[in-house]
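Colleague: One structure coming up, written as structure tokens, with questions to follow.
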Amino acid sequence: MWSFFRPLAIEPPIFYNIIRNGKEKLMKQVLIVDESPLFREYLRVKIVENGVDAEVAVNVTDGISKIRIITPDLIIADYHMQRQGFMELLKQKKANPNTVNTPVIVTAQKIEQKQLIELVPFNVKKVFSKPIKIDALYAALSELLGLPFHIDETPGIVEVHVNDNIIFIEIAQGLNRDKIDLLSFKINELIDLYEIKVPKIIIMLSDIKLNFSDAAKMENLLRTVIQASRARLRYIRILTKDSFVRQFVSGQKEYSEIEVVTNLRFAIDDLLADIGRGDHKEEKKAELIGDKVLLAKTKEEGEAMILKFDAEAKSVTLELMEDAVKNLRIAVIDDDFVIQELIKNTFQKTGAAIFAFSDGKEFISCLDAKEFDLAFLDLNMPNMDGFQVLEALREREIRYPVIVLSSIIQRETMIKAIQMGVRSYLIKPLKPEDIYKKTIEILKVNF
């Protein structure tokens, strides 16, 4: 998190009269300018829950228009919307006497020091790297608006990834209400990216001891996962050794089909086995249901809904890929020359710099001279294997994302990698589209 100014004394709140449902209310107003519909909606919901009005803009042009109309007290804007357009948004804000002093929070996937300096004249107070630490964002909102934001301070870490077309949800330390609410949006983001028709889910409750007082939060977690994913209960596994979780699930009739397990290998193999037992029919059925739901919504909500879907739906295109990896440095550590070339060719036109290494020792020896933003790592290599590389990265406290490459027959190897902290992997043989999607999942995360 970047802060450009020393903490300022908070001035008395300046309230605006805002009409909602025919009633006049006094409240401050935040404008959210971001091209991700899920991220916009999450922020809007959480800000409104804390008694602040929130307006959203779908792009730079919409944002400039809304700034003129509503004169917001605070603007939250994504740095990576149309590069020149983003700067134009700031210039228009500064040129308007009503918004010249309006503070700005900027969100970004990656931003250089030189680019940070460019933002200072526009009253940018904070810059947050995505994925955003929500508690830190709430603290900034509270400081800049001069209003309290209610935060669940329960320790908790939530991570979500897709591997083998299974959604892995890992929750550590505790059940934090705000992060569970965020989970709903993250699940939707990944289902859209991977175009998953029949979701299969593993909820990994790591390092968690729960008791009766956590029952409401456990209920909220399961309801959130089920509603967001629309997964059938028989396709959900909970990986835990906590006795309360097992008692809670077995004691609720509505969750009777959810299986609680203690073995990750068993959970993965069991869900993958379902794919070979006629799930293609399920996928086709899910596709038809999805189409019917979309059509129903379109008829209900009219032309605006059609325009929204057309404008915001993004497939995995070269343009989206360029947006995710432009100017990034990517390491490929694999003794297979074909894999090196495949990954190089995949990123060839994206503006990313690719550095290939034939074994772990060669890669580790260059870490003092080179920095990377992402690494693709094979586990089975001569001289120094992938596990030794992971251990060396951990010892050096290097934390950039690593995507592990493995063969489908090396399931035990993959389980070991997950236990070492790896969260993302790809199964060989690799396809360019799979590399695209996994890279976007890792680098274009909002939450």
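Identifiers for the structure tokens are assigned positionally: chains receive A, B, ... in sequence, residues are indexed from 1 per chain, and ligands are indexed from 1 in the order shown.
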What lies within 9 Å of Met81 of chain A using only C-alpha atoms, ignoring chain neighbours under 2 positions off, as a PDB file with C-alpha atoms, in the first residue's frame?

Modeller:
```pdb
ATOM      1  CA  VAL A  33     -14.758   3.649 -11.530  1.00  0.00           C
ATOM      2  CA  ASP A  34     -13.706   0.131 -12.546  1.00  0.00           C
ATOM      3  CA  GLU A  35     -14.252  -2.084 -15.584  1.00  0.00           C
ATOM      4  CA  ASN A  59     -15.404   2.972 -17.745  1.00  0.00           C
ATOM      5  CA  VAL A  60     -13.462   6.242 -17.965  1.00  0.00           C
ATOM      6  CA  ALA A  77     -10.529   4.264  -9.709  1.00  0.00           C
ATOM      7  CA  ASP A  78      -8.638   1.437 -11.394  1.00  0.00           C
ATOM      8  CA  TYR A  79      -5.304   2.502 -12.890  1.00  0.00           C
ATOM      9  CA  ARG A  83      -4.062   3.999 -19.786  1.00  0.00           C
ATOM     10  CA  GLN A  84      -4.506   7.476 -21.331  1.00  0.00           C
ATOM     11  CA  GLY A  85      -8.161   7.517 -20.376  1.00  0.00           C
ATOM     12  CA  PHE A  86      -7.340   7.048 -16.697  1.00  0.00           C
TER      13      PHE A  86
END
```

Colleague: Leaving out segment 371-378 of chain A and any residue of its chain fewer than 3 positions from it, which residues lie within 6 Å of it when counting only C-alpha atoms, given as a ChimeraX atom specification?

Modeller: /A:329-334,386,400-405

Colleague: Quick check for you: according to DSSP on this backbone, which residues of segment 15-77 of chain A are classed as strand (DSSP E or B)? Reply as an MDAnalysis selection string.

Modeller: chainID A and resid 16:20 23:27 29:33 53:57 74:77

Colleague: Quick one: pull the distance between atom CA of Asp207 of chain A and atom CA of Tyr255 of chain A, Å, one decimal.

Modeller: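 Rounded to one decimal, the two atoms are 22.7 Å apart.
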
Colleague: List every residue of segment 36-179 of chain A that DSSP, applied to the backbone of this structure, assigns to helix (DSSP H, G or I), and report them as a VMD selection string.

Modeller: chain A and resid 37 to 49 60 to 70 83 to 95 113 to 122 134 to 145 177 to 179

Colleague: So how many Å separate atom CA of Lys326 of chain A and atom CA of Glu195 of chain A, to one decimal?

Modeller: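 Calculated distance between atom CA of Lys326 of chain A and atom CA of Glu195 of chain A is 24.1 Å.
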
Colleague: What's around segment 180-191 of chain A at 9 Å? Count only C-alpha atoms, leave out sequence neighbours fewer than 2 positions away in its own chain, and write the answer as a short mmCIF file (atom, residue, chain, number, x, y, z; two decimals) with N, CA and C atoms, in the first residue's frame.

Modeller:
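Below is the file that was written, selection_10.cif:
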```
data_model
loop_
_atom_site.label_atom_id
_atom_site.label_comp_id
_atom_site.auth_asym_id
_atom_site.auth_seq_id
_atom_site.Cartn_x
_atom_site.Cartn_y
_atom_site.Cartn_z
N LEU A 38 -17.91 -7.30 -11.18
CA LEU A 38 -17.97 -7.95 -9.88
C LEU A 38 -17.29 -7.11 -8.81
N PHE A 39 -16.13 -6.55 -9.13
CA PHE A 39 -15.41 -5.72 -8.17
C PHE A 39 -16.21 -4.46 -7.84
N GLU A 41 -19.44 -4.06 -7.95
CA GLU A 41 -20.62 -4.40 -7.16
C GLU A 41 -20.23 -4.73 -5.72
N TYR A 42 -19.12 -5.46 -5.54
CA TYR A 42 -18.69 -5.78 -4.19
C TYR A 42 -18.43 -4.50 -3.39
N ILE A 134 -8.77 -5.98 1.95
CA ILE A 134 -10.03 -5.28 2.19
C ILE A 134 -10.00 -4.51 3.50
N VAL A 158 -8.50 -15.93 3.16
CA VAL A 158 -9.31 -16.66 2.18
C VAL A 158 -8.61 -16.60 0.82
N GLU A 159 -8.36 -17.76 0.24
CA GLU A 159 -7.78 -17.82 -1.10
C GLU A 159 -8.63 -18.76 -1.95
N VAL A 160 -8.81 -18.38 -3.23
CA VAL A 160 -9.62 -19.20 -4.14
C VAL A 160 -8.86 -19.38 -5.45
N HIS A 161 -8.75 -20.64 -5.90
CA HIS A 161 -8.09 -20.93 -7.17
C HIS A 161 -8.83 -22.05 -7.87
N VAL A 162 -8.60 -22.17 -9.18
CA VAL A 162 -9.16 -23.27 -9.95
C VAL A 162 -8.02 -24.14 -10.45
N ILE A 167 -12.79 -25.92 -8.04
CA ILE A 167 -12.60 -24.66 -7.31
C ILE A 167 -12.09 -24.99 -5.91
N ILE A 169 -11.14 -23.62 -2.36
CA ILE A 169 -11.35 -22.50 -1.44
C ILE A 169 -10.59 -22.81 -0.16
N LEU A 175 -12.92 -17.67 10.56
CA LEU A 175 -13.99 -17.29 9.65
C LEU A 175 -14.29 -15.80 9.81
N ASN A 176 -13.80 -15.00 8.87
CA ASN A 176 -14.02 -13.56 8.89
C ASN A 176 -15.21 -13.22 8.00
N ARG A 177 -16.22 -12.57 8.57
CA ARG A 177 -17.47 -12.30 7.85
C ARG A 177 -17.25 -11.52 6.56
N ASP A 178 -16.44 -10.46 6.63
CA ASP A 178 -16.23 -9.62 5.44
C ASP A 178 -15.54 -10.40 4.33
N LEU A 193 -14.35 -16.88 -15.75
CA LEU A 193 -13.07 -16.99 -16.45
C LEU A 193 -12.90 -18.37 -17.06
N TYR A 194 -13.18 -19.41 -16.30
CA TYR A 194 -12.96 -20.79 -16.75
C TYR A 194 -14.19 -21.39 -17.42
N GLU A 195 -15.27 -20.64 -17.49
CA GLU A 195 -16.52 -21.10 -18.12
C GLU A 195 -16.93 -22.47 -17.56
N ILE A 196 -16.93 -22.55 -16.24
CA ILE A 196 -17.26 -23.81 -15.57
C ILE A 196 -18.78 -24.02 -15.57
N LYS A 197 -19.20 -25.12 -16.13
CA LYS A 197 -20.63 -25.41 -16.24
C LYS A 197 -21.16 -26.19 -15.03
N PRO A 199 -19.86 -26.80 -11.40
CA PRO A 199 -18.82 -26.52 -10.40
C PRO A 199 -18.61 -27.69 -9.44
N LYS A 217 -21.33 -18.34 11.52
CA LYS A 217 -20.36 -18.04 10.46
C LYS A 217 -20.16 -19.25 9.55
N ASN A 220 -23.05 -19.28 7.27
CA ASN A 220 -22.88 -18.23 6.26
C ASN A 220 -21.89 -18.67 5.18
N LEU A 221 -20.81 -19.33 5.59
CA LEU A 221 -19.82 -19.81 4.62
C LEU A 221 -20.44 -20.79 3.63
N THR A 224 -22.97 -19.11 1.34
CA THR A 224 -22.30 -18.26 0.36
C THR A 224 -21.71 -19.09 -0.78
N VAL A 225 -21.03 -20.17 -0.45
CA VAL A 225 -20.41 -21.03 -1.46
C VAL A 225 -21.48 -21.66 -2.36
N GLN A 227 -24.67 -20.71 -2.92
CA GLN A 227 -25.42 -19.74 -3.73
C GLN A 227 -24.56 -19.14 -4.83
N ALA A 228 -23.29 -18.85 -4.53
CA ALA A 228 -22.42 -18.23 -5.53
C ALA A 228 -22.05 -19.19 -6.65
N SER A 229 -21.79 -20.45 -6.29
CA SER A 229 -21.34 -21.43 -7.28
C SER A 229 -22.49 -22.17 -7.95
N GLU A 441 -6.00 -15.60 -14.12
CA GLU A 441 -6.49 -15.87 -12.76
C GLU A 441 -5.52 -15.33 -11.72
N VAL A 445 -6.38 -10.67 -10.68
CA VAL A 445 -7.32 -10.78 -9.57
C VAL A 445 -7.67 -9.41 -9.00
N ASN A 446 -8.92 -9.23 -8.64
CA ASN A 446 -9.37 -8.00 -7.99
C ASN A 446 -9.42 -8.15 -6.49
N PHE A 447 -9.76 -9.37 -6.03
CA PHE A 447 -10.05 -9.56 -4.60
C PHE A 447 -8.90 -10.27 -3.90
#
```

Colleague: Which residue, A:Thr61, A:Arg232, A:Gln113, A:Lys444, has the smallest gap to Glu257 of chain A when you use only C-alpha atoms?

Modeller: A:Arg232

Colleague: Select, from A:Cys366, A:Val45, A:Ala267, A:Leu31, the residue with the minimum atom-to-atom distance to Arg68 of chain A, counting only C-alpha atoms.

Modeller: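 That would be A:Leu31, the residue with the smallest distance to Arg68 of chain A.
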
Colleague: Quick one: of A:Ala392, A:Ile268, A:Leu43, A:Ala57, who's nearest to Met204 of chain A, counting only C-alpha atoms?

Modeller: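 Closest residue, counting only C-alpha atoms: A:Ile268.
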
Colleague: Neighbouring residues of Ile76 of chain A were defined as those with any atom within 6 Å, considering only C-alpha atoms; residues of the same chain fewer than 2 positions away were excluded. Please report them as a count of residues only.

Modeller: 4

Colleague: Measure the distance from atom CA of Ile132 of chain A to atom CA of Gln109 of chain A in Å and round it to one decimal.

Modeller: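 Computed distance, atom CA of Ile132 of chain A to atom CA of Gln109 of chain A, equals 9.4 Å.
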
Colleague: Could you check the closest approach to Gly251 of chain A for each of A:Ile201, A:Ile70, A:Val30, A:Ala215 and tell me which residue wins, using only C-alpha atoms?

Modeller: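 For Gly251 of chain A, the nearest of the given residues is A:Ala215.
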
Colleague: Need to verify the contact set: segment 147-149 of chain A, 10 Å, only C-alpha atoms, exclusion of same-chain residues closer than 5 positions in sequence. Can you return it as an MDAnalysis selection string?

Modeller: chainID A and resid 10 12:13 28 46:47 49:52 135 138:142

Colleague: With only C-alpha atoms as the atoms that count, which of A:Phe337, A:Phe244, A:Phe122, A:Phe128 lies nearest to Thr107 of chain A?

Modeller: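 Using only C-alpha atoms, the shortest distance to Thr107 of chain A belongs to A:Phe128.
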
Colleague: I'd like to know which of A:Ile427, A:Lys370, A:Asp335, A:Leu443 is closest to Met384 of chain A, using only C-alpha atoms.

Modeller: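 Using only C-alpha atoms, the shortest distance to Met384 of chain A belongs to A:Asp335.
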